>>> print(open('my_file-v3.cif').read())   # mmCIF, C-alpha atoms (C1' of nucleotides)
data_final
#
loop_
_atom_site.label_atom_id
_atom_site.label_comp_id
_atom_site.auth_asym_id
_atom_site.auth_seq_id
_atom_site.Cartn_x
_atom_site.Cartn_y
_atom_site.Cartn_z
CA MET Y 1 62.79 128.42 168.20
CA SER Y 2 65.03 128.31 165.10
CA PRO Y 3 65.96 131.94 164.30
CA ALA Y 4 63.75 132.65 161.30
CA LYS Y 5 65.77 130.59 158.77
CA VAL Y 6 66.86 132.80 155.91
CA PRO Y 7 66.48 131.13 152.49
CA ALA Y 8 69.65 130.19 150.64
CA ARG Y 9 68.94 132.51 147.74
CA GLN Y 10 68.80 135.54 150.00
CA ARG Y 11 71.92 134.58 151.92
CA LEU Y 12 73.74 134.12 148.61
CA LEU Y 13 72.66 137.55 147.42
CA GLU Y 14 73.77 139.18 150.66
CA ALA Y 15 77.16 137.48 150.55
CA ALA Y 16 77.58 138.25 146.86
CA ASP Y 17 76.73 141.89 147.49
CA ARG Y 18 79.37 142.24 150.18
CA LEU Y 19 82.11 140.31 148.38
CA PHE Y 20 81.48 141.41 144.79
CA TYR Y 21 81.25 145.06 145.76
CA SER Y 22 84.25 145.16 148.07
CA GLU Y 23 86.61 142.93 146.09
CA GLY Y 24 85.24 142.75 142.55
CA VAL Y 25 83.12 140.28 140.62
CA HIS Y 26 86.15 138.78 138.92
CA THR Y 27 88.47 138.35 141.86
CA VAL Y 28 85.84 136.70 144.05
CA GLY Y 29 85.07 133.08 143.14
CA ILE Y 30 81.85 131.26 143.84
CA ASP Y 31 83.57 129.16 146.49
CA ARG Y 32 84.14 132.29 148.56
CA VAL Y 33 80.53 133.35 148.06
CA ILE Y 34 79.05 130.06 149.21
CA GLU Y 35 81.42 129.92 152.15
CA GLU Y 36 80.49 133.45 153.26
CA ALA Y 37 76.80 132.66 152.73
CA GLY Y 38 77.09 129.37 154.62
CA VAL Y 39 75.36 127.52 151.83
CA ALA Y 40 76.06 124.41 149.77
CA LYS Y 41 77.45 124.81 146.29
CA GLY Y 42 74.48 122.98 144.83
CA SER Y 43 72.15 125.62 146.27
CA LEU Y 44 73.88 128.29 144.22
CA PHE Y 45 73.20 126.45 140.97
CA TYR Y 46 69.72 125.55 142.12
CA ASN Y 47 68.82 129.21 142.66
CA PHE Y 48 70.89 130.76 139.87
CA SER Y 49 71.80 129.49 136.45
CA GLY Y 50 75.48 130.28 137.03
CA LYS Y 51 77.89 132.91 138.24
CA ASP Y 52 76.79 135.38 135.57
CA ASP Y 53 73.24 135.10 136.80
CA LEU Y 54 74.39 135.78 140.36
CA ILE Y 55 76.37 138.80 139.17
CA ALA Y 56 73.32 140.08 137.30
CA ALA Y 57 71.18 139.65 140.41
CA TYR Y 58 73.77 141.45 142.53
CA LEU Y 59 73.83 144.39 140.13
CA ALA Y 60 70.03 144.44 139.81
CA GLY Y 61 69.83 144.69 143.60
CA ARG Y 62 72.28 147.60 143.63
CA ASP Y 63 70.29 149.29 140.88
CA HIS Y 64 67.03 148.84 142.76
CA ARG Y 65 68.39 150.12 146.05
CA ARG Y 66 69.98 153.15 144.43
CA ARG Y 67 66.71 154.17 142.81
CA ASP Y 68 64.95 153.64 146.12
CA ARG Y 69 67.45 155.83 147.91
CA ILE Y 70 67.04 158.63 145.39
CA ALA Y 71 63.25 158.33 145.60
CA LYS Y 72 63.50 158.57 149.37
CA PHE Y 73 65.40 161.85 149.18
CA GLN Y 74 63.01 163.23 146.56
CA HIS Y 75 59.93 162.22 148.51
CA GLY Y 76 57.66 165.12 149.33
CA LEU Y 77 59.50 167.57 147.07
CA ASP Y 78 57.64 169.41 144.32
CA ASP Y 79 60.19 171.72 142.73
CA PRO Y 80 62.13 169.82 140.03
CA VAL Y 81 65.26 171.78 140.96
CA HIS Y 82 64.98 170.49 144.51
CA LYS Y 83 64.49 167.00 143.17
CA LEU Y 84 67.69 167.34 141.15
CA LEU Y 85 69.62 168.45 144.20
CA ALA Y 86 68.13 165.56 146.15
CA ILE Y 87 70.04 163.19 143.85
CA PHE Y 88 73.26 164.68 145.23
CA GLU Y 89 72.00 164.34 148.79
CA ALA Y 90 71.28 160.68 148.14
CA LEU Y 91 74.83 160.28 146.87
CA GLY Y 92 76.09 161.94 150.03
CA GLU Y 93 74.39 159.26 152.08
CA ALA Y 94 75.81 156.49 149.89
CA VAL Y 95 79.44 157.60 150.02
CA ALA Y 96 79.26 157.99 153.79
CA GLU Y 97 78.55 154.30 154.26
CA PRO Y 98 81.58 152.33 155.44
CA GLY Y 99 83.39 150.50 152.68
CA TYR Y 100 82.23 152.78 149.89
CA LYS Y 101 84.06 151.76 146.73
CA GLY Y 102 82.49 153.81 143.97
CA CYS Y 103 79.92 152.86 141.36
CA PRO Y 104 79.33 149.09 141.38
CA PHE Y 105 78.34 149.15 137.71
CA ALA Y 106 81.42 151.02 136.57
CA ASN Y 107 83.62 148.79 138.70
CA ALA Y 108 82.12 145.58 137.38
CA ASN Y 109 82.27 146.91 133.85
CA ALA Y 110 85.90 147.99 134.06
CA GLU Y 111 87.14 144.47 133.36
CA ALA Y 112 84.14 143.01 131.60
CA ARG Y 113 83.85 141.77 128.05
CA PRO Y 114 81.50 143.71 125.78
CA GLY Y 115 78.07 142.12 125.76
CA SER Y 116 78.44 140.83 129.30
CA VAL Y 117 75.81 141.12 132.00
CA GLU Y 118 78.00 143.76 133.62
CA SER Y 119 77.91 146.12 130.67
CA ALA Y 120 74.17 145.60 130.24
CA ALA Y 121 73.62 146.57 133.88
CA LEU Y 122 75.83 149.60 133.48
CA ARG Y 123 73.82 150.78 130.47
CA THR Y 124 70.54 150.27 132.27
CA PHE Y 125 71.58 152.38 135.21
CA ARG Y 126 73.34 155.12 133.26
CA ASP Y 127 70.41 155.53 130.90
CA TRP Y 128 67.94 155.64 133.76
CA MET Y 129 69.96 158.31 135.56
CA ALA Y 130 70.47 160.41 132.43
CA ASN Y 131 66.78 160.22 131.68
CA ALA Y 132 65.74 161.08 135.22
CA MET Y 133 67.95 164.17 135.20
CA LEU Y 134 66.87 165.21 131.75
CA SER Y 135 63.15 165.06 132.43
CA LEU Y 136 63.58 166.99 135.68
CA CYS Y 137 65.49 169.67 133.77
CA GLU Y 138 62.67 169.80 131.26
CA ASP Y 139 60.13 170.10 134.06
CA ALA Y 140 62.16 172.94 135.53
CA GLY Y 141 61.72 174.86 132.29
CA TYR Y 142 65.34 175.30 131.28
CA ALA Y 143 65.93 176.61 127.78
CA HIS Y 144 68.46 173.84 127.09
CA PRO Y 145 67.56 170.96 129.41
CA GLY Y 146 70.04 168.59 127.78
CA ASP Y 147 72.92 170.95 128.47
CA VAL Y 148 71.93 171.39 132.09
CA SER Y 149 71.49 167.68 132.74
CA ALA Y 150 74.82 166.90 131.07
CA ARG Y 151 76.51 169.29 133.49
CA LEU Y 152 74.79 167.76 136.48
CA CYS Y 153 75.71 164.26 135.35
CA LEU Y 154 79.35 165.30 135.03
CA LEU Y 155 79.31 166.72 138.54
CA TYR Y 156 77.69 163.57 139.87
CA ASP Y 157 80.33 161.38 138.25
CA GLY Y 158 83.11 163.59 139.53
CA ALA Y 159 81.80 163.30 143.06
CA VAL Y 160 81.66 159.51 142.78
CA ALA Y 161 85.22 159.35 141.50
CA GLY Y 162 86.63 161.70 144.13
CA SER Y 163 84.84 159.89 146.97
CA ASN Y 164 86.09 156.57 145.73
CA LEU Y 165 89.59 157.11 144.38
CA ASP Y 166 90.75 159.75 146.85
CA ALA Y 167 88.41 159.09 149.79
CA GLN Y 168 87.74 162.80 149.47
CA PRO Y 169 84.89 163.46 151.94
CA GLN Y 170 84.10 166.90 150.55
CA ALA Y 171 83.56 165.74 146.99
CA VAL Y 172 79.79 165.38 147.17
CA GLY Y 173 79.43 168.74 148.88
CA ILE Y 174 81.51 170.41 146.19
CA ALA Y 175 79.49 168.75 143.45
CA LYS Y 176 76.23 169.86 145.03
CA GLU Y 177 77.50 173.40 145.39
CA LEU Y 178 78.57 173.54 141.74
CA ALA Y 179 75.27 171.96 140.73
CA THR Y 180 73.43 174.70 142.56
CA MET Y 181 75.46 177.28 140.66
CA VAL Y 182 74.65 175.60 137.35
CA LEU Y 183 70.95 175.39 138.16
CA GLU Y 184 70.80 179.03 139.23
CA THR Y 185 72.66 180.48 136.28
CA ALA Y 186 71.30 178.35 133.42
CA PRO Y 187 68.82 180.24 131.23
CA ARG Y 188 65.16 179.32 131.53
CA ARG Y 189 62.58 179.37 128.83
CA MET H 190 118.14 143.42 105.62
CA SER H 191 115.95 142.40 108.61
CA PRO H 192 113.52 145.26 109.42
CA ALA H 193 115.07 146.75 112.55
CA LYS H 194 114.13 143.86 114.85
CA VAL H 195 112.09 145.15 117.77
CA PRO H 196 113.20 143.66 121.10
CA ALA H 197 110.84 141.26 122.85
CA ARG H 198 110.46 143.47 125.89
CA GLN H 199 109.15 146.34 123.81
CA ARG H 200 106.79 144.15 121.80
CA LEU H 201 105.47 142.71 125.05
CA LEU H 202 104.84 146.16 126.47
CA GLU H 203 103.04 147.28 123.34
CA ALA H 204 100.84 144.21 123.27
CA ALA H 205 100.15 144.48 127.01
CA ASP H 206 99.22 148.13 126.60
CA ARG H 207 96.68 147.36 123.90
CA LEU H 208 95.17 144.29 125.54
CA PHE H 209 95.28 145.33 129.19
CA TYR H 210 93.76 148.72 128.45
CA SER H 211 91.02 147.55 126.11
CA GLU H 212 90.01 144.35 127.91
CA GLY H 213 91.37 144.62 131.43
CA VAL H 214 94.40 143.32 133.25
CA HIS H 215 92.45 140.48 134.81
CA THR H 216 90.54 139.19 131.82
CA VAL H 217 93.61 139.08 129.58
CA GLY H 218 95.97 136.21 130.29
CA ILE H 219 99.68 136.14 129.55
CA ASP H 220 99.09 133.64 126.74
CA ARG H 221 97.09 136.28 124.86
CA VAL H 222 99.80 138.85 125.45
CA ILE H 223 102.63 136.70 124.15
CA GLU H 224 100.53 135.66 121.17
CA GLU H 225 99.72 139.27 120.29
CA ALA H 226 103.35 140.25 120.81
CA GLY H 227 104.58 137.33 118.71
CA VAL H 228 107.00 136.33 121.44
CA ALA H 229 107.85 133.13 123.27
CA LYS H 230 106.51 132.62 126.77
CA GLY H 231 110.02 132.28 128.12
CA SER H 232 110.83 135.79 126.89
CA LEU H 233 108.11 137.22 129.07
CA PHE H 234 109.60 135.74 132.21
CA TYR H 235 113.08 136.62 131.04
CA ASN H 236 112.16 140.30 130.75
CA PHE H 237 109.67 140.53 133.60
CA SER H 238 109.50 138.78 136.95
CA GLY H 239 105.86 137.82 136.35
CA LYS H 240 102.49 139.11 135.28
CA ASP H 241 102.36 141.64 138.10
CA ASP H 242 105.61 143.10 136.90
CA LEU H 243 104.22 143.38 133.38
CA ILE H 244 101.09 145.07 134.72
CA ALA H 245 103.22 147.50 136.72
CA ALA H 246 105.27 148.30 133.61
CA TYR H 247 102.10 148.80 131.57
CA LEU H 248 100.72 151.25 134.15
CA ALA H 249 104.06 153.01 134.52
CA GLY H 250 104.06 153.57 130.76
CA ARG H 251 100.55 155.00 130.86
CA ASP H 252 101.56 157.26 133.73
CA HIS H 253 104.63 158.46 131.90
CA ARG H 254 102.79 159.18 128.68
CA ARG H 255 100.00 161.01 130.44
CA ARG H 256 102.43 163.32 132.17
CA ASP H 257 104.17 163.89 128.86
CA ARG H 258 100.93 164.78 127.17
CA ILE H 259 100.03 167.28 129.86
CA ALA H 260 103.51 168.79 129.70
CA LYS H 261 103.12 169.11 125.94
CA PHE H 262 99.92 171.13 126.30
CA GLN H 263 101.43 173.28 129.03
CA HIS H 264 104.59 173.93 127.08
CA GLY H 265 105.23 177.61 126.48
CA LEU H 266 102.51 178.77 128.85
CA ASP H 267 103.33 181.07 131.74
CA ASP H 268 100.04 181.84 133.41
CA PRO H 269 99.25 179.11 135.97
CA VAL H 270 95.56 179.44 135.10
CA HIS H 271 96.34 178.64 131.49
CA LYS H 272 98.43 175.70 132.64
CA LEU H 273 95.47 174.42 134.61
CA LEU H 274 93.20 174.66 131.62
CA ALA H 275 95.82 172.93 129.51
CA ILE H 276 95.26 169.81 131.63
CA PHE H 277 91.72 169.71 130.30
CA GLU H 278 92.93 170.22 126.76
CA ALA H 279 95.27 167.29 127.18
CA LEU H 280 92.34 165.21 128.36
CA GLY H 281 90.41 166.27 125.29
CA GLU H 282 93.13 164.83 123.10
CA ALA H 283 93.19 161.59 125.11
CA VAL H 284 89.46 160.89 125.00
CA ALA H 285 89.38 161.55 121.25
CA GLU H 286 91.70 158.64 120.57
CA PRO H 287 89.93 155.57 119.22
CA GLY H 288 89.25 152.93 121.83
CA TYR H 289 89.23 155.32 124.77
CA LYS H 290 88.13 153.37 127.84
CA GLY H 291 88.61 155.75 130.75
CA CYS H 292 91.36 155.94 133.32
CA PRO H 293 93.65 152.90 133.09
CA PHE H 294 94.56 153.19 136.77
CA ALA H 295 90.98 153.34 137.98
CA ASN H 296 90.03 150.48 135.68
CA ALA H 297 92.86 148.25 136.82
CA ASN H 298 92.16 149.13 140.43
CA ALA H 299 88.45 148.41 140.22
CA GLU H 300 88.99 144.69 140.69
CA ALA H 301 92.36 144.68 142.41
CA ARG H 302 93.23 143.53 145.87
CA PRO H 303 94.44 146.19 148.30
CA GLY H 304 98.22 146.38 148.27
CA SER H 305 98.43 145.28 144.65
CA VAL H 306 100.60 146.92 142.02
CA GLU H 307 97.42 148.35 140.53
CA SER H 308 96.43 150.28 143.62
CA ALA H 309 99.98 151.52 144.07
CA ALA H 310 99.98 152.88 140.51
CA LEU H 311 96.60 154.51 141.06
CA ARG H 312 97.88 156.26 144.19
CA THR H 313 101.01 157.47 142.39
CA PHE H 314 99.05 159.03 139.58
CA ARG H 315 96.26 160.51 141.66
CA ASP H 316 98.70 162.08 144.08
CA TRP H 317 100.79 163.51 141.29
CA MET H 318 97.73 165.03 139.61
CA ALA H 319 96.34 166.46 142.85
CA ASN H 320 99.71 167.95 143.65
CA ALA H 321 100.19 169.42 140.19
CA MET H 322 96.78 171.11 140.34
CA LEU H 323 97.31 172.33 143.88
CA SER H 324 100.65 173.96 143.25
CA LEU H 325 99.35 175.67 140.12
CA CYS H 326 96.42 177.03 142.15
CA GLU H 327 98.90 178.30 144.71
CA ASP H 328 100.96 179.92 141.98
CA ALA H 329 97.83 181.58 140.65
CA GLY H 330 97.36 183.27 143.99
CA TYR H 331 93.97 181.92 144.97
CA ALA H 332 92.90 182.60 148.53
CA HIS H 333 91.96 178.94 149.03
CA PRO H 334 94.06 176.95 146.55
CA GLY H 335 92.99 173.60 148.00
CA ASP H 336 89.33 174.41 147.40
CA VAL H 337 89.96 175.45 143.82
CA SER H 338 92.06 172.41 142.96
CA ALA H 339 89.49 170.08 144.55
CA ARG H 340 86.84 171.56 142.25
CA LEU H 341 89.06 171.18 139.19
CA CYS H 342 89.88 167.60 140.09
CA LEU H 343 86.18 166.81 140.42
CA LEU H 344 85.50 168.30 136.99
CA TYR H 345 88.39 166.36 135.50
CA ASP H 346 87.08 163.09 136.95
CA GLY H 347 83.57 163.84 135.77
CA ALA H 348 84.83 164.40 132.24
CA VAL H 349 86.72 161.10 132.29
CA ALA H 350 83.64 159.23 133.51
CA GLY H 351 81.27 160.80 131.00
CA SER H 352 83.64 160.21 128.10
CA ASN H 353 84.10 156.62 129.11
CA LEU H 354 80.78 155.38 130.44
CA ASP H 355 78.49 157.32 128.11
CA ALA H 356 80.82 158.02 125.18
CA GLN H 357 79.69 161.60 125.72
CA PRO H 358 81.86 163.64 123.34
CA GLN H 359 81.01 166.97 124.95
CA ALA H 360 82.06 165.96 128.44
CA VAL H 361 85.56 167.42 128.31
CA GLY H 362 84.31 170.66 126.80
CA ILE H 363 81.72 171.01 129.55
CA ALA H 364 84.32 170.32 132.22
CA LYS H 365 86.67 172.90 130.77
CA GLU H 366 83.90 175.47 130.61
CA LEU H 367 82.93 174.87 134.23
CA ALA H 368 86.61 174.93 135.20
CA THR H 369 86.93 178.33 133.56
CA MET H 370 83.99 179.54 135.57
CA VAL H 371 85.52 178.23 138.79
CA LEU H 372 88.88 179.81 138.03
CA GLU H 373 87.31 183.18 137.19
CA THR H 374 85.02 183.40 140.20
CA ALA H 375 87.25 181.99 142.93
CA PRO H 376 88.60 184.67 145.27
CA ARG H 377 92.26 185.56 144.98
CA ARG H 378 94.57 186.66 147.69
"C1'" DG N 379 50.93 112.66 156.16
"C1'" DA N 380 52.32 112.47 151.40
"C1'" DA N 381 54.30 114.79 147.66
"C1'" DA N 382 57.03 118.50 145.94
"C1'" DA N 383 60.48 121.78 146.48
"C1'" DT N 384 64.69 123.09 148.62
"C1'" DT N 385 69.11 122.34 150.78
"C1'" DT N 386 73.25 119.69 152.06
"C1'" DA N 387 78.14 117.75 151.58
"C1'" DG N 388 81.49 116.70 148.77
"C1'" DA N 389 83.61 114.32 144.95
"C1'" DC N 390 84.60 115.09 140.25
"C1'" DA N 391 85.27 116.84 135.42
"C1'" DG N 392 87.00 120.28 132.41
"C1'" DA N 393 88.82 124.60 131.43
"C1'" DT N 394 92.10 128.22 132.27
"C1'" DC N 395 95.88 130.56 134.13
"C1'" DT N 396 100.56 131.54 136.02
"C1'" DG N 397 104.94 130.10 136.15
"C1'" DT N 398 108.98 126.57 135.36
"C1'" DC N 399 112.05 123.95 132.81
"C1'" DT N 400 114.72 122.20 128.84
"C1'" DG N 401 117.38 122.53 124.94
"C1'" DA N 402 118.17 124.56 120.76
"C1'" DT N 403 119.03 128.87 118.38
"C1'" DA N 404 119.85 134.13 117.45
"C1'" DT N 405 122.22 137.98 118.33
"C1'" DG N 406 125.61 141.26 119.89
"C1'" DC N 407 130.03 142.51 121.78
"C1'" DT N 408 135.14 142.40 121.96
"C1'" DA W 409 136.19 133.32 116.85
"C1'" DG W 410 134.29 133.15 121.20
"C1'" DC W 411 131.22 134.24 124.89
"C1'" DA W 412 127.41 136.39 127.19
"C1'" DT W 413 122.85 137.81 126.26
"C1'" DA W 414 118.47 137.24 124.38
"C1'" DT W 415 114.96 134.56 122.17
"C1'" DC W 416 112.35 130.54 120.71
"C1'" DA W 417 109.09 126.46 120.97
"C1'" DG W 418 106.63 123.87 123.71
"C1'" DA W 419 105.88 120.51 127.30
"C1'" DC W 420 104.70 120.39 132.03
"C1'" DA W 421 103.43 121.28 136.95
"C1'" DG W 422 100.37 123.34 140.17
"C1'" DA W 423 96.76 126.22 141.38
"C1'" DT W 424 92.18 127.95 140.74
"C1'" DC W 425 87.73 128.36 138.99
"C1'" DT W 426 83.10 127.16 137.06
"C1'" DG W 427 79.90 123.86 136.77
"C1'" DT W 428 77.96 118.80 137.27
"C1'" DC W 429 76.46 114.97 139.68
"C1'" DT W 430 74.78 111.90 143.39
"C1'" DA W 431 72.31 110.63 147.22
"C1'" DA W 432 70.43 111.87 151.38
"C1'" DA W 433 68.14 115.14 154.51
"C1'" DT W 434 65.14 118.90 155.42
"C1'" DT W 435 61.46 122.07 154.67
"C1'" DT W 436 57.28 123.58 152.56
"C1'" DT W 437 52.87 122.86 150.62
"C1'" DC W 438 48.55 120.83 150.01
#
>>> encode(input="my_file-v3.cif", output="structure tokens")
Amino acid sequence: MSPAKVPARQRLLEAADRLFYSEGVHTVGIDRVIEEAGVAKGSLFYNFSGKDDLIAAYLAGRDHRRRDRIAKFQHGLDDPVHKLLAIFEALGEAVAEPGYKGCPFANANAEARPGSVESAALRTFRDWMANAMLSLCEDAGYAHPGDVSARLCLLYDGAVAGSNLDAQPQAVGIAKELATMVLETAPRR
Amino acid sequence: MSPAKVPARQRLLEAADRLFYSEGVHTVGIDRVIEEAGVAKGSLFYNFSGKDDLIAAYLAGRDHRRRDRIAKFQHGLDDPVHKLLAIFEALGEAVAEPGYKGCPFANANAEARPGSVESAALRTFRDWMANAMLSLCEDAGYAHPGDVSARLCLLYDGAVAGSNLDAQPQAVGIAKELATMVLETAPRR
DNA sequence: GAAAATTTAGACAGATCTGTCTGATATGCT
DNA sequence: AGCATATCAGACAGATCTGTCTAAATTTTC
């Protein structure tokens, strides 16, 4: 029967995702990861070039899943304003998951050396998000799309921080409400 | 003559402040701190019980200076609404300093174990800030002071994140502008 | 079924980090 | 002067962490 044997690489990624996100990429050593994954140490270095590579893969997975989640909430919507608000709804789903600990990229970057894989992953995600918001604001026909998207980004970040640092359950709702106000009052071309 | 010999404890705190803030409390070892401070290793353990104690002292200093800075910007103001906005002006001064890297408490906490000195310091500061904003909102006579202060806190956090993660120089200005809007439109008792 | 790819268990090297200890020396107080 | 306090320089112990290596077993692929 053998219950569908999961490859070592996947088990490592799942364990790394749990441990790195909940306790930090620095505080968790590879010994804990391989123990949680139930995998031999050699398999880690067979599948990844080292711990940095595993960290990069963990962050890439987070990046991918976050984009997927946002796409899911935007699916079927036409109005760019609705698509912008859907980003906040996606965040609402994320912070409601048990063990939410804030932005994995910001957390990993908080104690990372410049030029590390952590800071590269942070840049990738932040730039993608800023760009996504900006082009939706352009599509919506705002007179100053950069100003509007900067406000939305600030509200998004504030909601992440409040949900994480204060376990404030209303934070996302507040951010979405303020975002709605911004989107309704900003001048259009 | 001897140029006013600075005690080892103070030099250690100054070096720890620079290194811990710019590179992280985990990534910087005590050897780097004592080297930067120009102090013998024994002096560190003579003045502090261990690295955790040094970290706690570093965070306590940051806490103290932040409260001082806010008090400085609030000095002479009577109107609680002006005092609330002064918090954002204080943040504007902080993010303009070279080497700004975001909230030292959030950064240190990002990779800290629960129950650590880092998370205790984070809680102390967050609770103080939330309380300060709340009581000012009460003084201002808002019908729902908790709602108003939650919005201001979110804007504050968003400005910190944008200034740090994106080096967005306008973030604090945007937050203050949105805070003004919140304070002007919120219903008063 | 043979060859290639993957996984295992664990010992080991090498680096790093916190903290201790010793013994000499500086400084400050009275 | 004398005594407690503070500092210095550096060796050392003990823990931890990343990464390597070996040799065998298992799984996949063709």
>>> resolve_selection(input="my_file-v3.cif", expression="the PyMOL selection byres ((chain H and resi 317-324) around 9)", output="compact mmCIF listing (two decimals) with C-alpha atoms, keeping the file's coordinate frame")
# COMPACT_ATOMS: atom_id res chain seq x y z
CA ARG H 256 102.43 163.32 132.17
CA LEU H 273 95.47 174.42 134.61
CA ILE H 276 95.26 169.81 131.63
CA ARG H 312 97.88 156.26 144.19
CA THR H 313 101.01 157.47 142.39
CA PHE H 314 99.05 159.03 139.58
CA ARG H 315 96.26 160.51 141.66
CA ASP H 316 98.70 162.08 144.08
CA LEU H 325 99.35 175.67 140.12
CA CYS H 326 96.42 177.03 142.15
CA GLU H 327 98.90 178.30 144.71
CA ASP H 328 100.96 179.92 141.98
CA ALA H 329 97.83 181.58 140.65
CA PRO H 334 94.06 176.95 146.55
CA GLY H 335 92.99 173.60 148.00
CA ASP H 336 89.33 174.41 147.40
CA VAL H 337 89.96 175.45 143.82
CA SER H 338 92.06 172.41 142.96
CA ALA H 339 89.49 170.08 144.55
CA LEU H 341 89.06 171.18 139.19
CA CYS H 342 89.88 167.60 140.09
>>> atom_distance(input="my_file-v3.cif", atom1="atom C1' of W:DC420", atom2="atom CA of H:Gly218")
18.2 Å
>>> atom_distance(input="my_file-v3.cif", atom1="atom CA of H:Lys194", atom2="atom C1' of W:DT413")
15.6 Å
>>> resolve_selection(input="my_file-v3.cif", expression="the PyMOL selection byres ((chain W and resi 438) around 10)", output="list in words")
DA380, DA381 and DA382 of chain N; DT436 and DT437 of chain W
>>> closest_atom_pairs(input="my_file-v3.cif", of="chain Y", to="chain N", cutoff="10 Å", atoms="only C-alpha atoms (C1' of nucleotides)", output="JSON lines")
{"residue": "Y:Pro7", "atom": "CA", "partner": "N:DT384", "partner_atom": "C1'", "distance": 9.1}
{"residue": "Y:Ala8", "atom": "CA", "partner": "N:DT385", "partner_atom": "C1'", "distance": 7.9}
{"residue": "Y:Val39", "atom": "CA", "partner": "N:DT386", "partner_atom": "C1'", "distance": 8.1}
{"residue": "Y:Ala40", "atom": "CA", "partner": "N:DT386", "partner_atom": "C1'", "distance": 6.0}
{"residue": "Y:Lys41", "atom": "CA", "partner": "N:DT386", "partner_atom": "C1'", "distance": 8.8}
{"residue": "Y:Gly42", "atom": "CA", "partner": "N:DT386", "partner_atom": "C1'", "distance": 8.0}
{"residue": "Y:Ser43", "atom": "CA", "partner": "N:DT385", "partner_atom": "C1'", "distance": 6.4}
{"residue": "Y:Tyr46", "atom": "CA", "partner": "N:DT384", "partner_atom": "C1'", "distance": 8.6}
{"residue": "Y:Asn47", "atom": "CA", "partner": "N:DT384", "partner_atom": "C1'", "distance": 9.5}
>>> interface_residues(input="my_file-v3.cif", of="chain Y", to="chain H", cutoff="9 Å", atoms="all atoms listed in the file", output="ChimeraX atom specification")
/Y:22-27,101-102,106-114,122-123,126-127,147,150-151,153-162,165-166,168,170-171,174-175,178,182
>>> write_last_selection(input="my_file-v3.cif", atoms="C-alpha atoms", output="short mmCIF file (atom, residue, chain, number, x, y, z; two decimals), keeping the file's coordinate frame")
data_model
loop_
_atom_site.label_atom_id
_atom_site.label_comp_id
_atom_site.auth_asym_id
_atom_site.auth_seq_id
_atom_site.Cartn_x
_atom_site.Cartn_y
_atom_site.Cartn_z
CA SER Y 22 84.25 145.16 148.07
CA GLU Y 23 86.61 142.93 146.09
CA GLY Y 24 85.24 142.75 142.55
CA VAL Y 25 83.12 140.28 140.62
CA HIS Y 26 86.15 138.78 138.92
CA THR Y 27 88.47 138.35 141.86
CA LYS Y 101 84.06 151.76 146.73
CA GLY Y 102 82.49 153.81 143.97
CA ALA Y 106 81.42 151.02 136.57
CA ASN Y 107 83.62 148.79 138.70
CA ALA Y 108 82.12 145.58 137.38
CA ASN Y 109 82.27 146.91 133.85
CA ALA Y 110 85.90 147.99 134.06
CA GLU Y 111 87.14 144.47 133.36
CA ALA Y 112 84.14 143.01 131.60
CA ARG Y 113 83.85 141.77 128.05
CA PRO Y 114 81.50 143.71 125.78
CA LEU Y 122 75.83 149.60 133.48
CA ARG Y 123 73.82 150.78 130.47
CA ARG Y 126 73.34 155.12 133.26
CA ASP Y 127 70.41 155.53 130.90
CA ASP Y 147 72.92 170.95 128.47
CA ALA Y 150 74.82 166.90 131.07
CA ARG Y 151 76.51 169.29 133.49
CA CYS Y 153 75.71 164.26 135.35
CA LEU Y 154 79.35 165.30 135.03
CA LEU Y 155 79.31 166.72 138.54
CA TYR Y 156 77.69 163.57 139.87
CA ASP Y 157 80.33 161.38 138.25
CA GLY Y 158 83.11 163.59 139.53
CA ALA Y 159 81.80 163.30 143.06
CA VAL Y 160 81.66 159.51 142.78
CA ALA Y 161 85.22 159.35 141.50
CA GLY Y 162 86.63 161.70 144.13
CA LEU Y 165 89.59 157.11 144.38
CA ASP Y 166 90.75 159.75 146.85
CA GLN Y 168 87.74 162.80 149.47
CA GLN Y 170 84.10 166.90 150.55
CA ALA Y 171 83.56 165.74 146.99
CA ILE Y 174 81.51 170.41 146.19
CA ALA Y 175 79.49 168.75 143.45
CA LEU Y 178 78.57 173.54 141.74
CA VAL Y 182 74.65 175.60 137.35
#
>>> resolve_selection(input="my_file-v3.cif", expression="the PyMOL selection byres ((chain W) within 9 of (chain H))", output="list in words")
DA414, DT415, DC416 and DA417 of chain W
>>> atom_distance(input="my_file-v3.cif", atom1="atom CA of H:Ser305", atom2="atom CA of H:Asp242")
10.8 Å
